[in-house]
Amino acid sequence: MTTTPQSEPGEAPLIADYLALDMLNTEAGIGDSQRDFWHSADAVLAWLARCGIDAGVHGKSVGTDFLREATALRAIARDLISLRRRGERGDPAPLNRYLEALASIPVLEWSEAQPQLVRRGGKASPGRALGILAESVATLLAEGEFSLVRQCEHTECVLWFYDRTKSHRRRWCSMALCGNRHKAAEFRKRTRLAA
């Protein structure tokens with residue numbers, strides 16, 4: 001299980017327990033309250049940094065092409081994950097285009113114990129950063145248990161999560177967010193009925 005840093009107010013929540021699903025959660029809300037946390041290339045870079053992904057830009061500008069590529073990848077991921085969740089087949093070609101940025105070469109490393117063959121990739125770059133996100137999507141699609149890929153049950157929430165709880169009964173994106181809202185609404189309902 002990967003641990004993710006806590007979200008500050010105004011930042012996309014990192015609560016999904018799976019990088020690919022956290023990427024989907026960078027676009028949240030319903031109707032007029034819909035919000036795109038990736039409103040600029042800098043916002044995408046900041047989100048990647050929060051997730052521990054180095055885009056290799058270190059203060060340089062990446063331009064609007066990067067924003068367009070990042071949001072396109074997110075849309076591709078949303079479509080493929082939604083299709084897989086419904087048991088339907090999707091076209092992997094658009095996702096594979098992003099995976100190409102992860103080309104690596106085998107390297108022999110020899111520690112004191114014994115030799116080990118490892119794969120090394122290229123230098124950190126915006127394309128490679130998006131490739132890392134694409135790999136998370138591909139891994140989820142190929143290896144994820146899709147009965148555990150869920151969306152929050154709160155009627156006003158569209159956030160995704162991977163249910164890693166022991167009982168696999170997680171219902172809310174976060175107990176602190178939607179779980180508490182549901183509990184409060186149920187309490188108000190019971191109070192009204194009792195009065």
# chains A, B, ... in the order shown; residues from 1 in each chain; ligands from 1

call {"tool": "residues_around", "arguments": {"residues": "A:Arg35", "least_positions_apart": "2", "cutoff": "12 Å", "atoms": "only C-alpha atoms", "output": "NGL selection string"}}
result
:A and (10-13 or 24-33 or 37-39 or 157-159)

call {"tool": "write_last_selection", "arguments": {"atoms": "N, CA and C atoms", "output": "PDB file, in the first residue's frame"}}
result
ATOM      1  N   GLY A  10      -7.650  23.455  -0.815  1.00  0.00           N
ATOM      2  CA  GLY A  10      -7.442  23.957  -2.172  1.00  0.00           C
ATOM      3  C   GLY A  10      -6.614  23.034  -3.056  1.00  0.00           C
ATOM      4  N   GLU A  11      -6.107  21.938  -2.493  1.00  0.00           N
ATOM      5  CA  GLU A  11      -5.342  20.971  -3.278  1.00  0.00           C
ATOM      6  C   GLU A  11      -6.210  19.749  -3.555  1.00  0.00           C
ATOM      7  N   ALA A  12      -5.888  19.057  -4.631  1.00  0.00           N
ATOM      8  CA  ALA A  12      -6.588  17.814  -4.938  1.00  0.00           C
ATOM      9  C   ALA A  12      -6.327  16.817  -3.813  1.00  0.00           C
ATOM     10  N   PRO A  13      -7.370  16.126  -3.368  1.00  0.00           N
ATOM     11  CA  PRO A  13      -7.173  15.166  -2.288  1.00  0.00           C
ATOM     12  C   PRO A  13      -6.356  13.963  -2.754  1.00  0.00           C
ATOM     13  N   LEU A  24      -7.402  10.710 -11.228  1.00  0.00           N
ATOM     14  CA  LEU A  24      -8.790  10.984 -11.600  1.00  0.00           C
ATOM     15  C   LEU A  24      -9.416  12.000 -10.651  1.00  0.00           C
ATOM     16  N   ASN A  25      -9.004  11.959  -9.392  1.00  0.00           N
ATOM     17  CA  ASN A  25      -9.568  12.863  -8.385  1.00  0.00           C
ATOM     18  C   ASN A  25      -9.055  14.298  -8.498  1.00  0.00           C
ATOM     19  N   THR A  26      -8.187  14.575  -9.471  1.00  0.00           N
ATOM     20  CA  THR A  26      -7.763  15.957  -9.691  1.00  0.00           C
ATOM     21  C   THR A  26      -8.848  16.749 -10.410  1.00  0.00           C
ATOM     22  N   GLU A  27      -9.893  16.070 -10.784  1.00  0.00           N
ATOM     23  CA  GLU A  27     -11.082  16.701 -11.360  1.00  0.00           C
ATOM     24  C   GLU A  27     -12.251  16.195 -10.522  1.00  0.00           C
ATOM     25  N   ALA A  28     -12.853  17.069  -9.751  1.00  0.00           N
ATOM     26  CA  ALA A  28     -13.861  16.626  -8.790  1.00  0.00           C
ATOM     27  C   ALA A  28     -15.039  17.575  -8.749  1.00  0.00           C
ATOM     28  N   GLY A  29     -16.090  17.132  -8.110  1.00  0.00           N
ATOM     29  CA  GLY A  29     -17.284  17.950  -7.952  1.00  0.00           C
ATOM     30  C   GLY A  29     -18.350  17.576  -8.951  1.00  0.00           C
ATOM     31  N   ILE A  30     -19.529  18.114  -8.736  1.00  0.00           N
ATOM     32  CA  ILE A  30     -20.673  17.840  -9.601  1.00  0.00           C
ATOM     33  C   ILE A  30     -21.300  19.166  -9.988  1.00  0.00           C
ATOM     34  N   GLY A  31     -21.701  19.268 -11.234  1.00  0.00           N
ATOM     35  CA  GLY A  31     -22.423  20.452 -11.708  1.00  0.00           C
ATOM     36  C   GLY A  31     -21.636  21.733 -11.546  1.00  0.00           C
ATOM     37  N   ASP A  32     -22.270  22.734 -10.931  1.00  0.00           N
ATOM     38  CA  ASP A  32     -21.639  24.042 -10.761  1.00  0.00           C
ATOM     39  C   ASP A  32     -20.445  24.004  -9.809  1.00  0.00           C
ATOM     40  N   SER A  33     -20.391  22.991  -8.967  1.00  0.00           N
ATOM     41  CA  SER A  33     -19.281  22.916  -8.015  1.00  0.00           C
ATOM     42  C   SER A  33     -18.113  22.088  -8.545  1.00  0.00           C
ATOM     43  N   PHE A  37      -8.426  20.678 -10.509  1.00  0.00           N
ATOM     44  CA  PHE A  37      -7.237  21.070  -9.759  1.00  0.00           C
ATOM     45  C   PHE A  37      -6.029  21.240 -10.683  1.00  0.00           C
ATOM     46  N   TRP A  38      -6.109  20.702 -11.878  1.00  0.00           N
ATOM     47  CA  TRP A  38      -5.044  20.878 -12.874  1.00  0.00           C
ATOM     48  C   TRP A  38      -5.421  22.052 -13.779  1.00  0.00           C
ATOM     49  N   HIS A  39      -5.491  23.229 -13.247  1.00  0.00           N
ATOM     50  CA  HIS A  39      -5.903  24.416 -13.987  1.00  0.00           C
ATOM     51  C   HIS A  39      -4.743  25.068 -14.745  1.00  0.00           C
ATOM     52  N   CYS A 157     -20.535  13.491  -4.302  1.00  0.00           N
ATOM     53  CA  CYS A 157     -19.095  13.264  -4.437  1.00  0.00           C
ATOM     54  C   CYS A 157     -18.825  12.303  -5.585  1.00  0.00           C
ATOM     55  N   VAL A 158     -17.785  12.584  -6.341  1.00  0.00           N
ATOM     56  CA  VAL A 158     -17.414  11.716  -7.470  1.00  0.00           C
ATOM     57  C   VAL A 158     -16.005  11.144  -7.310  1.00  0.00           C
ATOM     58  N   LEU A 159     -15.407  11.291  -6.121  1.00  0.00           N
ATOM     59  CA  LEU A 159     -14.034  10.852  -5.928  1.00  0.00           C
ATOM     60  C   LEU A 159     -13.928   9.329  -5.957  1.00  0.00           C
TER      61      LEU A 159
END

call {"tool": "residues_around", "arguments": {"residues": "A:Thr64", "least_positions_apart": "5", "cutoff": "10 Å", "atoms": "only C-alpha atoms", "output": "list in words"}}
result
Ser40, Ala41, Asp42, Glu69 and Ala70 of chain A

call {"tool": "select_by_dssp", "arguments": {"residues": "stretch 57-189 of chain A", "states": "alpha helix (DSSP H)", "output": "ChimeraX atom specification"}}
result
/A:64-85,93-99,126-143,180-189

call {"tool": "write_last_selection", "arguments": {"atoms": "C-alpha atoms", "output": "compact mmCIF listing (two decimals), in the first residue's frame"}}
result
# COMPACT_ATOMS: atom_id res chain seq x y z
CA THR A 64 0.61 24.68 -22.24
CA ASP A 65 1.44 21.52 -24.23
CA PHE A 66 2.29 19.79 -20.95
CA LEU A 67 -1.07 20.78 -19.44
CA ARG A 68 -2.87 19.55 -22.54
CA GLU A 69 -0.98 16.21 -22.44
CA ALA A 70 -1.63 15.75 -18.71
CA THR A 71 -5.37 16.41 -18.99
CA ALA A 72 -5.56 14.17 -22.07
CA LEU A 73 -3.90 11.36 -20.11
CA ARG A 74 -6.38 11.88 -17.27
CA ALA A 75 -9.31 11.62 -19.71
CA ILE A 76 -7.85 8.47 -21.27
CA ALA A 77 -7.37 6.97 -17.80
CA ARG A 78 -10.93 7.84 -16.76
CA ASP A 79 -12.36 6.23 -19.90
CA LEU A 80 -10.28 3.04 -19.60
CA ILE A 81 -10.90 2.63 -15.86
CA SER A 82 -14.64 3.23 -16.29
CA LEU A 83 -14.79 0.68 -19.12
CA ARG A 84 -12.83 -1.90 -17.11
CA ARG A 85 -15.06 -1.31 -14.10
CA ALA A 93 -3.24 2.50 -27.81
CA PRO A 94 -3.65 6.05 -26.42
CA LEU A 95 -2.32 4.96 -23.01
CA ASN A 96 0.56 3.06 -24.60
CA ARG A 97 1.72 6.31 -26.23
CA TYR A 98 2.44 7.70 -22.76
CA LEU A 99 4.08 4.46 -21.63
CA PRO A 126 7.70 16.01 -18.07
CA GLY A 127 7.07 13.17 -20.55
CA ARG A 128 8.57 10.61 -18.20
CA ALA A 129 6.44 11.96 -15.33
CA LEU A 130 3.30 11.40 -17.40
CA GLY A 131 4.65 7.96 -18.31
CA ILE A 132 4.83 7.11 -14.61
CA LEU A 133 1.17 8.10 -14.25
CA ALA A 134 0.31 6.01 -17.33
CA GLU A 135 2.13 3.04 -15.81
CA SER A 136 0.01 3.33 -12.68
CA VAL A 137 -3.12 3.29 -14.85
CA ALA A 138 -1.85 0.29 -16.84
CA THR A 139 -0.94 -1.57 -13.64
CA LEU A 140 -4.38 -0.91 -12.19
CA LEU A 141 -6.06 -2.08 -15.40
CA ALA A 142 -3.95 -5.23 -15.67
CA GLU A 143 -3.47 -6.23 -12.04
CA ASN A 180 -18.87 12.59 8.47
CA ARG A 181 -21.26 14.46 6.18
CA HIS A 182 -23.35 11.29 5.88
CA LYS A 183 -23.29 10.68 9.66
CA ALA A 184 -24.37 14.28 10.32
CA ALA A 185 -27.20 14.03 7.77
CA GLU A 186 -28.41 10.75 9.31
CA PHE A 187 -28.30 12.29 12.80
CA ARG A 188 -30.35 15.31 11.64
CA LYS A 189 -32.84 12.95 10.00

call {"tool": "select_by_dssp", "arguments": {"residues": "stretch 29-164 of chain A", "states": "strand (DSSP E or B)", "output": "list of chain:residue names"}}
result
A:Arg35, A:Asp36, A:Ser104, A:Ile105, A:Pro106, A:Val107, A:Leu108, A:Glu109, A:Trp110, A:Pro115, A:Gln116, A:Leu117, A:Val118, A:Arg119, A:Arg120, A:Gly121, A:Val149, A:Arg150, A:Gln151, A:Trp160, A:Phe161, A:Tyr162

call {"tool": "write_last_selection", "arguments": {"atoms": "N, CA and C atoms", "output": "compact mmCIF listing (two decimals), in the first residue's frame"}}
result
# COMPACT_ATOMS: atom_id res chain seq x y z
N ARG A 35 -14.64 21.15 -10.09
CA ARG A 35 -13.35 21.83 -9.99
C ARG A 35 -12.27 21.00 -10.65
N ASP A 36 -11.43 21.67 -11.42
CA ASP A 36 -10.27 21.02 -12.03
C ASP A 36 -9.04 21.54 -11.30
N SER A 104 13.48 1.85 -20.88
CA SER A 104 14.55 1.62 -19.92
C SER A 104 15.54 0.62 -20.51
N ILE A 105 16.69 0.53 -19.86
CA ILE A 105 17.71 -0.41 -20.31
C ILE A 105 18.13 -1.28 -19.13
N PRO A 106 18.48 -2.54 -19.41
CA PRO A 106 18.96 -3.39 -18.31
C PRO A 106 20.39 -3.00 -17.93
N VAL A 107 20.66 -3.00 -16.63
CA VAL A 107 21.99 -2.67 -16.11
C VAL A 107 22.34 -3.71 -15.05
N LEU A 108 23.56 -4.21 -15.12
CA LEU A 108 24.02 -5.15 -14.12
C LEU A 108 24.66 -4.37 -12.98
N GLU A 109 24.17 -4.61 -11.75
CA GLU A 109 24.75 -4.02 -10.56
C GLU A 109 25.31 -5.16 -9.72
N TRP A 110 26.47 -4.93 -9.14
CA TRP A 110 27.10 -5.98 -8.36
C TRP A 110 27.40 -5.46 -6.97
N PRO A 115 25.52 -10.38 -8.04
CA PRO A 115 25.07 -9.48 -9.11
C PRO A 115 23.54 -9.47 -9.22
N GLN A 116 23.04 -8.33 -9.67
CA GLN A 116 21.60 -8.17 -9.82
C GLN A 116 21.32 -7.38 -11.09
N LEU A 117 20.37 -7.85 -11.88
CA LEU A 117 19.98 -7.14 -13.10
C LEU A 117 18.81 -6.22 -12.77
N VAL A 118 19.00 -4.93 -13.00
CA VAL A 118 17.95 -3.94 -12.75
C VAL A 118 17.71 -3.15 -14.03
N ARG A 119 16.57 -2.48 -14.10
CA ARG A 119 16.25 -1.65 -15.26
C ARG A 119 16.36 -0.19 -14.86
N ARG A 120 17.02 0.58 -15.68
CA ARG A 120 17.15 2.03 -15.44
C ARG A 120 16.50 2.78 -16.58
N GLY A 121 15.78 3.80 -16.21
CA GLY A 121 15.11 4.63 -17.20
C GLY A 121 15.90 5.88 -17.49
N VAL A 149 -12.23 -1.16 -6.81
CA VAL A 149 -12.16 0.19 -7.39
C VAL A 149 -13.56 0.77 -7.28
N ARG A 150 -13.68 1.84 -6.51
CA ARG A 150 -15.01 2.38 -6.21
C ARG A 150 -15.02 3.89 -6.29
N GLN A 151 -16.24 4.40 -6.35
CA GLN A 151 -16.46 5.83 -6.21
C GLN A 151 -17.22 6.04 -4.90
N TRP A 160 -12.80 8.86 -6.51
CA TRP A 160 -12.51 7.43 -6.64
C TRP A 160 -11.59 6.99 -5.52
N PHE A 161 -11.59 5.70 -5.23
CA PHE A 161 -10.63 5.13 -4.30
C PHE A 161 -10.48 3.63 -4.56
N TYR A 162 -9.39 3.09 -4.05
CA TYR A 162 -9.13 1.65 -4.09
C TYR A 162 -9.31 1.16 -2.66

call {"tool": "atom_distance", "arguments": {"atom1": "atom CA of A:Gly90", "atom2": "atom CA of A:Leu102"}}
result
21.5 Å

call {"tool": "closest_residue", "arguments": {"among": "A:Glu100, A:Ala124, A:Glu112, A:Gly87", "to": "A:Gly52", "atoms": "only C-alpha atoms"}}
result
A:Ala124

call {"tool": "closest_residue", "arguments": {"among": "A:Asp22, A:Ser147, A:Ala101, A:Val62", "to": "A:Trp47", "atoms": "only C-alpha atoms"}}
result
A:Asp22
